[in-house]
file model-v7.txt (compact mmCIF, C-alpha atoms)
# COMPACT_ATOMS: atom_id res chain seq x y z
CA MET A 1 52.74 -45.52 -83.08
CA LYS A 2 52.08 -49.16 -82.45
CA GLY A 3 51.74 -50.22 -78.84
CA LEU A 4 51.43 -46.65 -77.49
CA LYS A 5 48.45 -45.95 -75.13
CA LEU A 6 47.21 -42.53 -74.30
CA PHE A 7 45.98 -41.72 -70.74
CA SER A 8 43.93 -38.61 -69.66
CA HIS A 9 44.58 -37.18 -66.13
CA LYS A 10 41.51 -35.69 -64.34
CA SER A 11 42.32 -33.12 -61.53
CA GLY A 12 40.17 -32.97 -58.26
CA PHE A 13 40.16 -32.76 -54.43
CA THR A 14 40.86 -35.67 -52.28
CA LEU A 15 38.64 -36.54 -49.33
CA ILE A 16 41.17 -35.13 -46.88
CA GLU A 17 41.34 -31.85 -48.76
CA MET A 18 37.54 -31.61 -48.76
CA LEU A 19 37.38 -32.19 -45.00
CA ILE A 20 40.02 -29.52 -44.38
CA ALA A 21 38.16 -27.02 -46.58
CA VAL A 22 34.82 -27.71 -44.89
CA SER A 23 36.43 -27.35 -41.46
CA ILE A 24 37.99 -23.99 -42.34
CA PHE A 25 34.70 -22.76 -43.82
CA SER A 26 32.79 -23.87 -40.70
CA VAL A 27 35.19 -22.03 -38.42
CA VAL A 28 34.83 -18.86 -40.47
CA ILE A 29 31.01 -19.12 -40.51
CA VAL A 30 30.82 -19.74 -36.73
CA ALA A 31 33.10 -16.79 -36.07
CA PHE A 32 31.05 -14.57 -38.36
CA ILE A 33 27.77 -15.65 -36.73
CA GLY A 34 29.29 -14.98 -33.29
CA ILE A 35 30.32 -11.48 -34.34
CA LEU A 36 26.87 -10.86 -35.86
CA VAL A 37 25.10 -12.01 -32.69
CA GLU A 38 27.37 -9.79 -30.59
CA VAL A 39 26.66 -6.77 -32.78
CA VAL A 40 22.90 -7.39 -32.67
CA GLN A 41 23.00 -7.85 -28.89
CA VAL A 42 24.91 -4.58 -28.45
CA GLN A 43 22.38 -2.75 -30.62
CA VAL A 44 19.44 -4.26 -28.73
CA GLN A 45 20.94 -3.40 -25.34
CA SER A 46 21.76 0.10 -26.60
CA SER A 47 18.10 0.55 -27.52
CA SER A 48 17.06 -0.67 -24.06
CA SER A 49 19.51 1.67 -22.33
CA VAL A 50 18.17 4.65 -24.31
CA VAL A 51 14.63 3.93 -23.06
CA VAL A 52 15.82 3.51 -19.44
CA ASN A 53 17.87 6.71 -19.55
CA GLN A 54 15.01 8.74 -21.07
CA GLU A 55 12.44 7.46 -18.57
CA SER A 56 14.78 7.96 -15.60
CA GLN A 57 15.63 11.53 -16.60
CA PHE A 58 11.92 12.37 -16.93
CA LEU A 59 11.21 10.87 -13.50
CA LEU A 60 14.12 12.72 -11.87
CA GLN A 61 13.01 16.02 -13.42
CA LYS A 62 9.47 15.51 -12.08
CA LEU A 63 10.76 14.65 -8.60
CA GLN A 64 12.98 17.74 -8.61
CA TYR A 65 10.10 19.97 -9.72
CA TYR A 66 7.67 18.79 -7.03
CA ILE A 67 10.24 18.78 -4.22
CA GLU A 68 11.44 22.30 -5.05
CA SER A 69 7.84 23.54 -5.35
CA ALA A 70 6.75 22.07 -2.01
CA SER A 71 6.09 24.13 1.10
CA LEU A 72 7.15 21.22 3.30
CA VAL A 73 8.67 17.77 2.74
CA ASN A 74 6.58 15.62 5.10
CA ILE A 75 8.76 12.55 5.72
CA PRO A 76 10.90 11.68 8.76
CA THR A 77 14.46 13.01 8.97
CA SER A 78 17.35 10.63 8.18
CA THR A 79 14.98 7.67 7.79
CA PRO A 80 14.36 6.00 4.38
CA ALA A 81 10.75 6.28 3.21
CA THR A 82 9.13 4.41 0.34
CA ALA A 83 6.54 7.16 -0.25
CA LEU A 84 7.08 10.91 -0.53
CA GLN A 85 4.45 13.31 0.81
CA LEU A 86 4.69 17.02 0.08
CA PHE A 87 2.65 19.93 1.43
CA MET A 88 1.97 22.39 -1.38
CA ALA A 89 0.97 26.07 -1.42
CA SER A 90 -1.95 25.38 -3.77
CA SER A 91 -4.96 23.82 -2.06
CA SER A 92 -5.79 21.89 -5.25
CA ALA A 93 -2.46 20.02 -4.99
CA ASP A 94 -2.12 19.77 -1.20
CA PRO A 95 -0.92 17.31 -0.14
CA THR A 96 0.96 15.68 -3.02
CA SER A 97 2.04 12.04 -2.82
CA ILE A 98 4.58 10.11 -4.93
CA THR A 99 4.54 6.33 -4.50
CA LEU A 100 5.71 3.12 -6.17
CA SER A 101 3.21 0.35 -7.02
CA GLY A 102 3.72 -2.66 -9.28
CA GLY A 103 6.92 -1.28 -10.79
CA THR A 104 5.29 2.06 -11.74
CA VAL A 105 5.77 5.42 -10.00
CA TYR A 106 2.51 7.30 -9.40
CA LEU A 107 1.68 10.92 -8.54
CA GLN A 108 -1.44 11.95 -6.61
CA GLN A 109 -2.49 15.62 -6.31
CA PRO A 110 -4.09 15.82 -3.78
CA VAL A 111 -3.92 12.51 -1.94
CA GLY A 112 -7.06 10.50 -2.60
CA SER A 113 -7.52 11.78 -6.16
CA SER A 114 -6.86 9.74 -9.31
CA SER A 115 -3.23 8.66 -9.80
CA GLN A 116 -1.00 9.81 -12.64
CA ALA A 117 1.78 7.48 -13.83
CA LEU A 118 5.24 9.09 -13.99
CA THR A 119 6.79 6.04 -15.70
CA SER A 120 5.52 3.96 -18.64
CA ASN A 121 5.07 0.20 -19.03
CA LYS A 122 8.35 0.09 -21.00
CA VAL A 123 10.28 0.11 -17.73
CA SER A 124 9.96 -1.32 -14.23
CA VAL A 125 11.06 0.63 -11.13
CA SER A 126 12.14 -1.00 -7.88
CA ASN A 127 13.70 0.00 -4.53
CA LEU A 128 12.38 3.58 -4.66
CA SER A 129 13.58 5.38 -1.52
CA PHE A 130 13.44 8.95 -0.17
CA VAL A 131 15.56 10.30 2.70
CA ARG A 132 15.17 13.84 4.06
CA ASN A 133 18.40 15.22 5.48
CA ALA A 134 17.94 18.29 7.70
CA ASN A 135 20.49 21.04 7.12
CA PRO A 136 19.86 23.87 9.62
CA PRO A 137 20.10 26.76 9.12
CA GLY A 138 20.17 25.96 5.39
CA HIS A 139 17.73 24.05 3.23
CA ASP A 140 16.73 20.43 3.64
CA VAL A 141 18.13 17.95 1.12
CA VAL A 142 16.08 15.00 -0.16
CA SER A 143 18.12 11.98 -1.31
CA VAL A 144 16.37 9.89 -3.98
CA SER A 145 17.40 6.41 -5.13
CA PHE A 146 15.80 3.74 -7.31
CA THR A 147 16.56 0.99 -9.82
CA MET A 148 15.01 1.12 -13.29
CA ALA A 149 14.99 -1.88 -15.65
CA TYR A 150 13.85 -2.29 -19.24
CA ASN A 151 10.61 -4.26 -19.12
CA THR A 152 11.21 -7.28 -21.42
CA PRO A 153 11.28 -11.10 -21.15
CA SER A 154 14.21 -11.30 -23.60
CA VAL A 155 17.61 -11.85 -22.04
CA PHE A 156 19.21 -9.97 -24.94
CA GLN A 157 17.15 -6.82 -24.21
CA ALA A 158 17.65 -6.96 -20.44
CA PHE A 159 19.12 -3.72 -19.10
CA SER A 160 18.89 -2.09 -15.66
CA ARG A 161 20.54 0.84 -13.93
CA PHE A 162 20.70 2.21 -10.38
CA PHE A 163 20.08 5.94 -9.92
CA GLN A 164 20.84 8.12 -6.91
CA THR A 165 20.67 11.89 -6.58
CA SER A 166 20.05 14.68 -4.05
CA ILE A 167 17.50 17.48 -4.45
CA VAL A 168 17.60 20.69 -2.40
CA HIS A 169 14.29 21.96 -1.05
CA VAL A 170 14.64 25.66 -1.83
CA SER A 171 11.17 27.21 -1.98
CA ALA A 172 9.70 29.58 0.60
CA ALA A 173 7.67 27.74 3.23
CA THR A 174 4.01 27.97 4.13
CA PHE A 175 3.09 26.32 7.41
CA ASP A 176 0.17 23.99 7.98
CA THR A 177 1.12 23.27 11.62
CA GLY A 178 2.82 25.05 14.51
CA VAL A 179 6.36 26.37 14.02
CA TYR A 180 8.82 25.16 16.63
CA ALA A 181 12.50 25.94 17.18
CA SER A 182 14.91 23.01 16.94
CA THR A 183 16.63 24.18 20.16
CA ASN A 184 16.02 26.86 22.79
CA ASN A 185 16.74 30.50 21.94
CA GLU A 186 16.78 30.04 18.15
CA PRO A 187 16.75 33.52 16.56
CA LEU A 188 13.97 34.61 14.23
CA GLY A 189 15.46 37.48 12.26
CA THR A 190 18.75 39.02 13.36
CA GLY A 191 20.88 41.95 12.33
CA ALA A 192 19.75 45.33 11.05
CA ALA A 193 17.52 44.04 8.23
CA ALA A 194 13.75 44.58 8.51
CA TRP A 195 11.05 42.06 7.67
CA SER A 196 8.69 42.78 4.80
CA PRO A 197 5.19 43.95 5.89
CA ILE A 198 2.84 41.11 6.82
CA ASN A 199 -0.40 41.46 4.86
CA GLY A 200 0.28 45.21 4.67
CA VAL A 201 -0.65 45.49 8.39
CA ILE A 202 2.33 44.55 10.57
CA TYR A 203 5.63 46.37 9.97
CA THR A 204 9.09 46.23 11.52
CA ASN A 205 12.13 48.43 11.27
CA SER A 206 15.88 47.88 11.65
CA VAL A 207 15.88 48.60 15.42
CA GLY A 208 13.14 46.05 16.17
CA ASN A 209 10.14 48.36 16.55
CA VAL A 210 6.80 46.85 15.54
CA GLY A 211 4.04 48.86 13.91
CA ILE A 212 0.42 47.84 13.44
CA ASN A 213 -1.03 49.81 10.54
CA GLN A 214 2.05 52.00 11.04
CA ALA A 215 4.67 51.74 8.29
CA SER A 216 7.33 53.61 10.29
CA PRO A 217 6.98 52.57 13.95
CA GLN A 218 8.62 55.07 16.32
CA GLU A 219 8.18 53.01 19.50
CA GLN A 220 8.67 49.36 20.33
CA LEU A 221 4.94 48.96 19.69
CA ASP A 222 3.33 51.66 17.55
CA VAL A 223 -0.38 51.12 16.86
CA ASN A 224 -2.29 53.25 14.38
CA GLY A 225 -5.78 52.60 15.78
CA GLY A 226 -7.40 51.34 18.94
CA ILE A 227 -6.05 48.72 21.35
CA ARG A 228 -8.68 46.36 22.70
CA LEU A 229 -8.35 44.48 25.99
CA THR A 230 -10.33 41.26 26.21
CA PRO A 231 -12.86 41.53 29.09
CA GLN A 232 -12.31 39.22 32.08
CA ALA A 233 -14.84 38.43 34.80
CA LEU A 234 -12.17 38.61 37.52
CA GLN A 235 -8.69 40.03 37.68
CA SER A 236 -5.68 37.98 38.72
CA THR A 237 -3.54 38.74 41.77
CA CYS A 238 -1.25 41.71 41.18
CA THR A 239 2.34 40.55 41.67
CA SER A 240 5.73 41.61 40.32
CA THR A 241 5.06 39.23 37.41
CA TYR A 242 2.07 41.37 36.33
CA ARG A 243 3.75 44.74 37.06
CA GLY A 244 2.87 47.16 34.24
CA THR A 245 -0.14 45.10 33.12
CA LEU A 246 -3.48 46.61 32.19
CA TRP A 247 -6.48 44.49 33.16
CA PHE A 248 -9.99 45.11 31.90
CA VAL A 249 -12.75 43.64 34.07
CA SER A 250 -16.30 43.29 32.84
CA PRO A 251 -18.59 41.60 35.43
CA GLY A 252 -21.44 41.71 32.93
CA GLY A 253 -25.05 42.83 33.17
CA SER A 254 -25.61 46.36 34.42
CA THR A 255 -22.48 46.33 36.60
CA LYS A 256 -19.92 49.00 35.72
CA ASP A 257 -16.78 47.84 33.91
CA ALA A 258 -13.36 48.64 35.39
CA LEU A 259 -9.82 49.14 34.11
CA TYR A 260 -6.85 48.44 36.41
CA LEU A 261 -3.09 48.94 36.24
CA CYS A 262 -0.75 46.68 38.23
CA ALA A 263 1.97 48.98 39.62
CA ALA A 264 4.14 49.57 42.70
CA ASN A 265 3.11 52.24 45.22
CA ALA A 266 5.39 54.56 47.21
CA SER A 267 6.19 51.84 49.73
CA GLY A 268 7.18 49.38 46.98
CA SER A 269 4.11 47.17 47.24
CA VAL A 270 2.70 46.00 43.91
CA VAL A 271 -1.08 46.51 43.77
CA TRP A 272 -3.89 47.06 41.32
CA TYR A 273 -4.82 50.70 40.76
CA GLN A 274 -8.24 51.37 39.28
CA ILE A 275 -7.96 53.77 36.35
CA TYR A 276 -11.64 53.70 35.43
call {"tool": "encode", "arguments": {"input": "model-v7.txt", "output": "structure tokens"}}
result
Amino acid sequence: MKGLKLFSHKSGFTLIEMLIAVSIFSVVIVAFIGILVEVVQVQVQSSSSVVVNQESQFLLQKLQYYIESASLVNIPTSTPATALQLFMASSSADPTSITLSGGTVYLQQPVGSSSQALTSNKVSVSNLSFVRNANPPGHDVVSVSFTMAYNTPSVFQAFSRFFQTSIVHVSAATFDTGVYASTNNEPLGTGAAAWSPINGVIYTNSVGNVGINQASPQEQLDVNGGIRLTPQALQSTCTSTYRGTLWFVSPGGSTKDALYLCAANASGSVVWYQIY
């Protein structure tokens, strides 16, 4: 057909459409990257928390074992201490010390020997504290607190946790020093129960009789064997305080020994009577 021109129409995106598409794509990518970073961070922190929890549980179990095995917890009462000293029944482990140095908890058995690390270099411990709380007539309770952190320079792996627990000191005691009552007139054994024999030599019964090499004491003091009086050069003055006392005098050399009894005579005067 004469005078007719044919045109071809090419489809495409305008500049505005391209900008809108790129903007939407960028938003989606940023959101996806944010979610990915969050997921990775959660996984990394979860890994750090697992290490901290495992190390802390191991440390707490060790502290519980040594405190319960101790004969005596040797730290002041109701006062926080940074080091724990324990008296142990075994001479090879007595005394035992648990201390914190450079973020690591160390065990020494006995004190002065080589140290054993109770925590690894994966974690760092701080603010380790021990408090002994007296609980008469029950058992002492040791309160333990510390902070444990995952040892890393990465902010994404940073994780720390505060731990606090109480451990009851329940073992039977052996004494390395004198035994003193907390107040006057504290009882040592009451009721009708009898103490177990001491070294198979000293026995008691339910009425309070004491036997020495006598399993069934019939008197307040029942001795199966001899009773020895320590020799004295001079005897003390016989007074009502010494009434009923035997006194063995040994001047020494070839001089004859003497045995006296402090007792009251018919007139009520308390004097020494020579028995031998």
call {"tool": "residues_around", "arguments": {"input": "model-v7.txt", "residues": "A:Val50", "least_positions_apart": "6", "cutoff": "10 Å", "atoms": "only C-alpha atoms", "output": "MDAnalysis selection string"}}
result
chainID A and resid 56 150 159
call {"tool": "atom_distance", "arguments": {"input": "model-v7.txt", "atom1": "atom CA of A:Thr152", "atom2": "atom CA of A:Lys122"}}
result
7.9 Å
call {"tool": "atom_distance", "arguments": {"input": "model-v7.txt", "atom1": "atom CA of A:Ser115", "atom2": "atom CA of A:Ser48"}}
result
26.5 Å
call {"tool": "atom_distance", "arguments": {"input": "model-v7.txt", "atom1": "atom CA of A:Gln218", "atom2": "atom CA of A:Ala264"}}
result
27.3 Å
call {"tool": "closest_residue", "arguments": {"input": "model-v7.txt", "among": "A:Ser143, A:Ser206, A:Ser114, A:Gln54", "to": "A:Phe130", "atoms": "only C-alpha atoms"}}
result
A:Ser143
call {"tool": "closest_residue", "arguments": {"input": "model-v7.txt", "among": "A:Ser97, A:Ser160, A:Ser145, A:Asn127", "to": "A:Val51", "atoms": "all atoms listed in the file"}}
result
A:Ser160
call {"tool": "residues_near_point", "arguments": {"input": "model-v7.txt", "point": "(12.2, 39.7, 14.0)", "cutoff": "12 Å", "atoms": "only C-alpha atoms", "output": "mmCIF file with C-alpha atoms, in the frame of the given file"}}
result
data_model
loop_
_atom_site.group_PDB
_atom_site.id
_atom_site.type_symbol
_atom_site.label_atom_id
_atom_site.label_comp_id
_atom_site.auth_asym_id
_atom_site.auth_seq_id
_atom_site.Cartn_x
_atom_site.Cartn_y
_atom_site.Cartn_z
ATOM 1 C CA GLU A 186 16.780 30.040 18.150
ATOM 2 C CA PRO A 187 16.750 33.520 16.560
ATOM 3 C CA LEU A 188 13.970 34.610 14.230
ATOM 4 C CA GLY A 189 15.460 37.480 12.260
ATOM 5 C CA THR A 190 18.750 39.020 13.360
ATOM 6 C CA GLY A 191 20.880 41.950 12.330
ATOM 7 C CA ALA A 192 19.750 45.330 11.050
ATOM 8 C CA ALA A 193 17.520 44.040 8.230
ATOM 9 C CA ALA A 194 13.750 44.580 8.510
ATOM 10 C CA TRP A 195 11.050 42.060 7.670
ATOM 11 C CA SER A 196 8.690 42.780 4.800
ATOM 12 C CA PRO A 197 5.190 43.950 5.890
ATOM 13 C CA ILE A 198 2.840 41.110 6.820
ATOM 14 C CA ILE A 202 2.330 44.550 10.570
ATOM 15 C CA TYR A 203 5.630 46.370 9.970
ATOM 16 C CA THR A 204 9.090 46.230 11.520
ATOM 17 C CA ASN A 205 12.130 48.430 11.270
ATOM 18 C CA SER A 206 15.880 47.880 11.650
ATOM 19 C CA VAL A 207 15.880 48.600 15.420
ATOM 20 C CA GLY A 208 13.140 46.050 16.170
ATOM 21 C CA ASN A 209 10.140 48.360 16.550
ATOM 22 C CA VAL A 210 6.800 46.850 15.540
#
call {"tool": "closest_residue", "arguments": {"input": "model-v7.txt", "among": "A:Ser47, A:Thr104, A:Ser267, A:Asn185", "to": "A:Val123", "atoms": "all atoms listed in the file"}}
result
A:Thr104
call {"tool": "closest_residue", "arguments": {"input": "model-v7.txt", "among": "A:Tyr106, A:Phe32, A:Phe146, A:Tyr65", "to": "A:Pro80", "atoms": "all atoms listed in the file"}}
result
A:Phe146
call {"tool": "closest_residue", "arguments": {"input": "model-v7.txt", "among": "A:Leu118, A:Leu60, A:Val142, A:Val201", "to": "A:Gln85", "atoms": "only C-alpha atoms"}}
result
A:Val142
call {"tool": "residues_around", "arguments": {"input": "model-v7.txt", "residues": "A:Gly244", "least_positions_apart": "5", "cutoff": "10 Å", "atoms": "all atoms listed in the file", "output": "JSON, numbers by chain"}}
result
{"A": [238, 239, 261, 262, 263, 264, 270, 272]}
call {"tool": "closest_residue", "arguments": {"input": "model-v7.txt", "among": "A:Ser113, A:Thr99, A:Ser154, A:Gln164", "to": "A:Thr82", "atoms": "only C-alpha atoms"}}
result
A:Thr99
call {"tool": "decode", "arguments": {"input": "model-v7.txt", "residues": "stretch 76-117 of chain A", "atoms": "N, CA and C atoms", "output": "PDB file, in the first residue's frame"}}
result
ATOM      1  N   PRO A  76      37.917 -17.542 107.577  1.00  0.00           N
ATOM      2  CA  PRO A  76      37.115 -16.875 108.603  1.00  0.00           C
ATOM      3  C   PRO A  76      35.620 -17.052 108.365  1.00  0.00           C
ATOM      4  N   THR A  77      34.847 -16.954 109.448  1.00  0.00           N
ATOM      5  CA  THR A  77      33.393 -17.074 109.357  1.00  0.00           C
ATOM      6  C   THR A  77      32.778 -15.759 108.894  1.00  0.00           C
ATOM      7  N   SER A  78      31.827 -15.850 107.960  1.00  0.00           N
ATOM      8  CA  SER A  78      31.023 -14.713 107.489  1.00  0.00           C
ATOM      9  C   SER A  78      31.855 -13.587 106.888  1.00  0.00           C
ATOM     10  N   THR A  79      33.064 -13.908 106.423  1.00  0.00           N
ATOM     11  CA  THR A  79      33.934 -12.911 105.800  1.00  0.00           C
ATOM     12  C   THR A  79      34.389 -13.441 104.444  1.00  0.00           C
ATOM     13  N   PRO A  80      34.146 -12.709 103.340  1.00  0.00           N
ATOM     14  CA  PRO A  80      34.565 -13.188 102.019  1.00  0.00           C
ATOM     15  C   PRO A  80      36.076 -13.391 101.944  1.00  0.00           C
ATOM     16  N   ALA A  81      36.480 -14.516 101.364  1.00  0.00           N
ATOM     17  CA  ALA A  81      37.899 -14.827 101.176  1.00  0.00           C
ATOM     18  C   ALA A  81      38.140 -15.143  99.707  1.00  0.00           C
ATOM     19  N   THR A  82      39.280 -14.684  99.190  1.00  0.00           N
ATOM     20  CA  THR A  82      39.598 -14.928  97.788  1.00  0.00           C
ATOM     21  C   THR A  82      40.303 -16.263  97.585  1.00  0.00           C
ATOM     22  N   ALA A  83      40.800 -16.866  98.666  1.00  0.00           N
ATOM     23  CA  ALA A  83      41.462 -18.167  98.598  1.00  0.00           C
ATOM     24  C   ALA A  83      40.802 -19.108  99.599  1.00  0.00           C
ATOM     25  N   LEU A  84      40.712 -20.364  99.232  1.00  0.00           N
ATOM     26  CA  LEU A  84      40.096 -21.381 100.094  1.00  0.00           C
ATOM     27  C   LEU A  84      41.177 -22.341 100.567  1.00  0.00           C
ATOM     28  N   GLN A  85      41.318 -22.484 101.894  1.00  0.00           N
ATOM     29  CA  GLN A  85      42.259 -23.449 102.449  1.00  0.00           C
ATOM     30  C   GLN A  85      41.481 -24.510 103.210  1.00  0.00           C
ATOM     31  N   LEU A  86      41.843 -25.759 102.944  1.00  0.00           N
ATOM     32  CA  LEU A  86      41.143 -26.898 103.529  1.00  0.00           C
ATOM     33  C   LEU A  86      42.149 -27.809 104.215  1.00  0.00           C
ATOM     34  N   PHE A  87      41.842 -28.228 105.453  1.00  0.00           N
ATOM     35  CA  PHE A  87      42.623 -29.259 106.120  1.00  0.00           C
ATOM     36  C   PHE A  87      42.033 -30.615 105.730  1.00  0.00           C
ATOM     37  N   MET A  88      42.906 -31.528 105.306  1.00  0.00           N
ATOM     38  CA  MET A  88      42.475 -32.821 104.798  1.00  0.00           C
ATOM     39  C   MET A  88      42.960 -33.948 105.713  1.00  0.00           C
ATOM     40  N   ALA A  89      42.260 -35.079 105.673  1.00  0.00           N
ATOM     41  CA  ALA A  89      42.641 -36.223 106.497  1.00  0.00           C
ATOM     42  C   ALA A  89      43.944 -36.842 106.010  1.00  0.00           C
ATOM     43  N   SER A  90      44.176 -36.819 104.707  1.00  0.00           N
ATOM     44  CA  SER A  90      45.396 -37.406 104.151  1.00  0.00           C
ATOM     45  C   SER A  90      46.544 -36.422 104.260  1.00  0.00           C
ATOM     46  N   SER A  91      47.672 -36.880 104.808  1.00  0.00           N
ATOM     47  CA  SER A  91      48.829 -35.998 104.975  1.00  0.00           C
ATOM     48  C   SER A  91      49.406 -35.563 103.632  1.00  0.00           C
ATOM     49  N   SER A  92      49.211 -36.362 102.589  1.00  0.00           N
ATOM     50  CA  SER A  92      49.744 -36.008 101.273  1.00  0.00           C
ATOM     51  C   SER A  92      48.971 -34.873 100.630  1.00  0.00           C
ATOM     52  N   ALA A  93      47.778 -34.565 101.140  1.00  0.00           N
ATOM     53  CA  ALA A  93      46.948 -33.491 100.573  1.00  0.00           C
ATOM     54  C   ALA A  93      46.681 -32.381 101.567  1.00  0.00           C
ATOM     55  N   ASP A  94      47.331 -32.410 102.725  1.00  0.00           N
ATOM     56  CA  ASP A  94      47.033 -31.459 103.797  1.00  0.00           C
ATOM     57  C   ASP A  94      48.153 -30.437 103.955  1.00  0.00           C
ATOM     58  N   PRO A  95      47.832 -29.131 103.897  1.00  0.00           N
ATOM     59  CA  PRO A  95      46.509 -28.583 103.563  1.00  0.00           C
ATOM     60  C   PRO A  95      46.331 -28.444 102.055  1.00  0.00           C
ATOM     61  N   THR A  96      45.100 -28.278 101.632  1.00  0.00           N
ATOM     62  CA  THR A  96      44.757 -28.053 100.229  1.00  0.00           C
ATOM     63  C   THR A  96      44.354 -26.600 100.040  1.00  0.00           C
ATOM     64  N   SER A  97      44.816 -26.004  98.961  1.00  0.00           N
ATOM     65  CA  SER A  97      44.523 -24.593  98.687  1.00  0.00           C
ATOM     66  C   SER A  97      43.924 -24.454  97.287  1.00  0.00           C
ATOM     67  N   ILE A  98      42.882 -23.625  97.163  1.00  0.00           N
ATOM     68  CA  ILE A  98      42.265 -23.307  95.870  1.00  0.00           C
ATOM     69  C   ILE A  98      42.290 -21.796  95.719  1.00  0.00           C
ATOM     70  N   THR A  99      42.976 -21.316  94.673  1.00  0.00           N
ATOM     71  CA  THR A  99      43.169 -19.878  94.481  1.00  0.00           C
ATOM     72  C   THR A  99      42.910 -19.495  93.032  1.00  0.00           C
ATOM     73  N   LEU A 100      42.766 -18.180  92.824  1.00  0.00           N
ATOM     74  CA  LEU A 100      42.574 -17.615  91.484  1.00  0.00           C
ATOM     75  C   LEU A 100      43.784 -16.768  91.131  1.00  0.00           C
ATOM     76  N   SER A 101      44.363 -17.000  89.928  1.00  0.00           N
ATOM     77  CA  SER A 101      45.515 -16.227  89.484  1.00  0.00           C
ATOM     78  C   SER A 101      45.457 -16.069  87.966  1.00  0.00           C
ATOM     79  N   GLY A 102      45.451 -14.823  87.500  1.00  0.00           N
ATOM     80  CA  GLY A 102      45.460 -14.562  86.068  1.00  0.00           C
ATOM     81  C   GLY A 102      44.266 -15.113  85.326  1.00  0.00           C
ATOM     82  N   GLY A 103      43.112 -15.175  85.983  1.00  0.00           N
ATOM     83  CA  GLY A 103      41.905 -15.675  85.328  1.00  0.00           C
ATOM     84  C   GLY A 103      41.754 -17.179  85.365  1.00  0.00           C
ATOM     85  N   THR A 104      42.703 -17.896  85.988  1.00  0.00           N
ATOM     86  CA  THR A 104      42.664 -19.358  86.078  1.00  0.00           C
ATOM     87  C   THR A 104      42.583 -19.781  87.535  1.00  0.00           C
ATOM     88  N   VAL A 105      41.777 -20.789  87.826  1.00  0.00           N
ATOM     89  CA  VAL A 105      41.636 -21.322  89.182  1.00  0.00           C
ATOM     90  C   VAL A 105      42.618 -22.480  89.341  1.00  0.00           C
ATOM     91  N   TYR A 106      43.418 -22.432  90.421  1.00  0.00           N
ATOM     92  CA  TYR A 106      44.454 -23.438  90.645  1.00  0.00           C
ATOM     93  C   TYR A 106      44.197 -24.197  91.947  1.00  0.00           C
ATOM     94  N   LEU A 107      44.623 -25.464  91.941  1.00  0.00           N
ATOM     95  CA  LEU A 107      44.561 -26.344  93.109  1.00  0.00           C
ATOM     96  C   LEU A 107      45.975 -26.721  93.504  1.00  0.00           C
ATOM     97  N   GLN A 108      46.271 -26.632  94.815  1.00  0.00           N
ATOM     98  CA  GLN A 108      47.557 -27.075  95.350  1.00  0.00           C
ATOM     99  C   GLN A 108      47.308 -28.098  96.452  1.00  0.00           C
ATOM    100  N   GLN A 109      47.924 -29.279  96.346  1.00  0.00           N
ATOM    101  CA  GLN A 109      47.807 -30.331  97.349  1.00  0.00           C
ATOM    102  C   GLN A 109      49.162 -30.982  97.569  1.00  0.00           C
ATOM    103  N   PRO A 110      49.845 -30.745  98.686  1.00  0.00           N
ATOM    104  CA  PRO A 110      49.556 -29.727  99.698  1.00  0.00           C
ATOM    105  C   PRO A 110      50.062 -28.365  99.256  1.00  0.00           C
ATOM    106  N   VAL A 111      49.841 -27.359 100.091  1.00  0.00           N
ATOM    107  CA  VAL A 111      50.291 -26.012  99.782  1.00  0.00           C
ATOM    108  C   VAL A 111      51.812 -26.011  99.633  1.00  0.00           C
ATOM    109  N   GLY A 112      52.287 -25.363  98.585  1.00  0.00           N
ATOM    110  CA  GLY A 112      53.717 -25.335  98.304  1.00  0.00           C
ATOM    111  C   GLY A 112      54.130 -26.286  97.203  1.00  0.00           C
ATOM    112  N   SER A 113      53.250 -27.238  96.850  1.00  0.00           N
ATOM    113  CA  SER A 113      53.540 -28.169  95.768  1.00  0.00           C
ATOM    114  C   SER A 113      53.163 -27.518  94.434  1.00  0.00           C
ATOM    115  N   SER A 114      53.371 -28.234  93.334  1.00  0.00           N
ATOM    116  CA  SER A 114      53.032 -27.706  92.015  1.00  0.00           C
ATOM    117  C   SER A 114      51.519 -27.531  91.898  1.00  0.00           C
ATOM    118  N   SER A 115      51.113 -26.474  91.164  1.00  0.00           N
ATOM    119  CA  SER A 115      49.696 -26.142  91.022  1.00  0.00           C
ATOM    120  C   SER A 115      49.057 -26.920  89.876  1.00  0.00           C
ATOM    121  N   GLN A 116      47.794 -27.237  90.048  1.00  0.00           N
ATOM    122  CA  GLN A 116      47.002 -27.907  89.014  1.00  0.00           C
ATOM    123  C   GLN A 116      45.853 -26.994  88.609  1.00  0.00           C
ATOM    124  N   ALA A 117      45.743 -26.683  87.314  1.00  0.00           N
ATOM    125  CA  ALA A 117      44.692 -25.795  86.827  1.00  0.00           C
ATOM    126  C   ALA A 117      43.349 -26.520  86.811  1.00  0.00           C
TER     127      ALA A 117
END
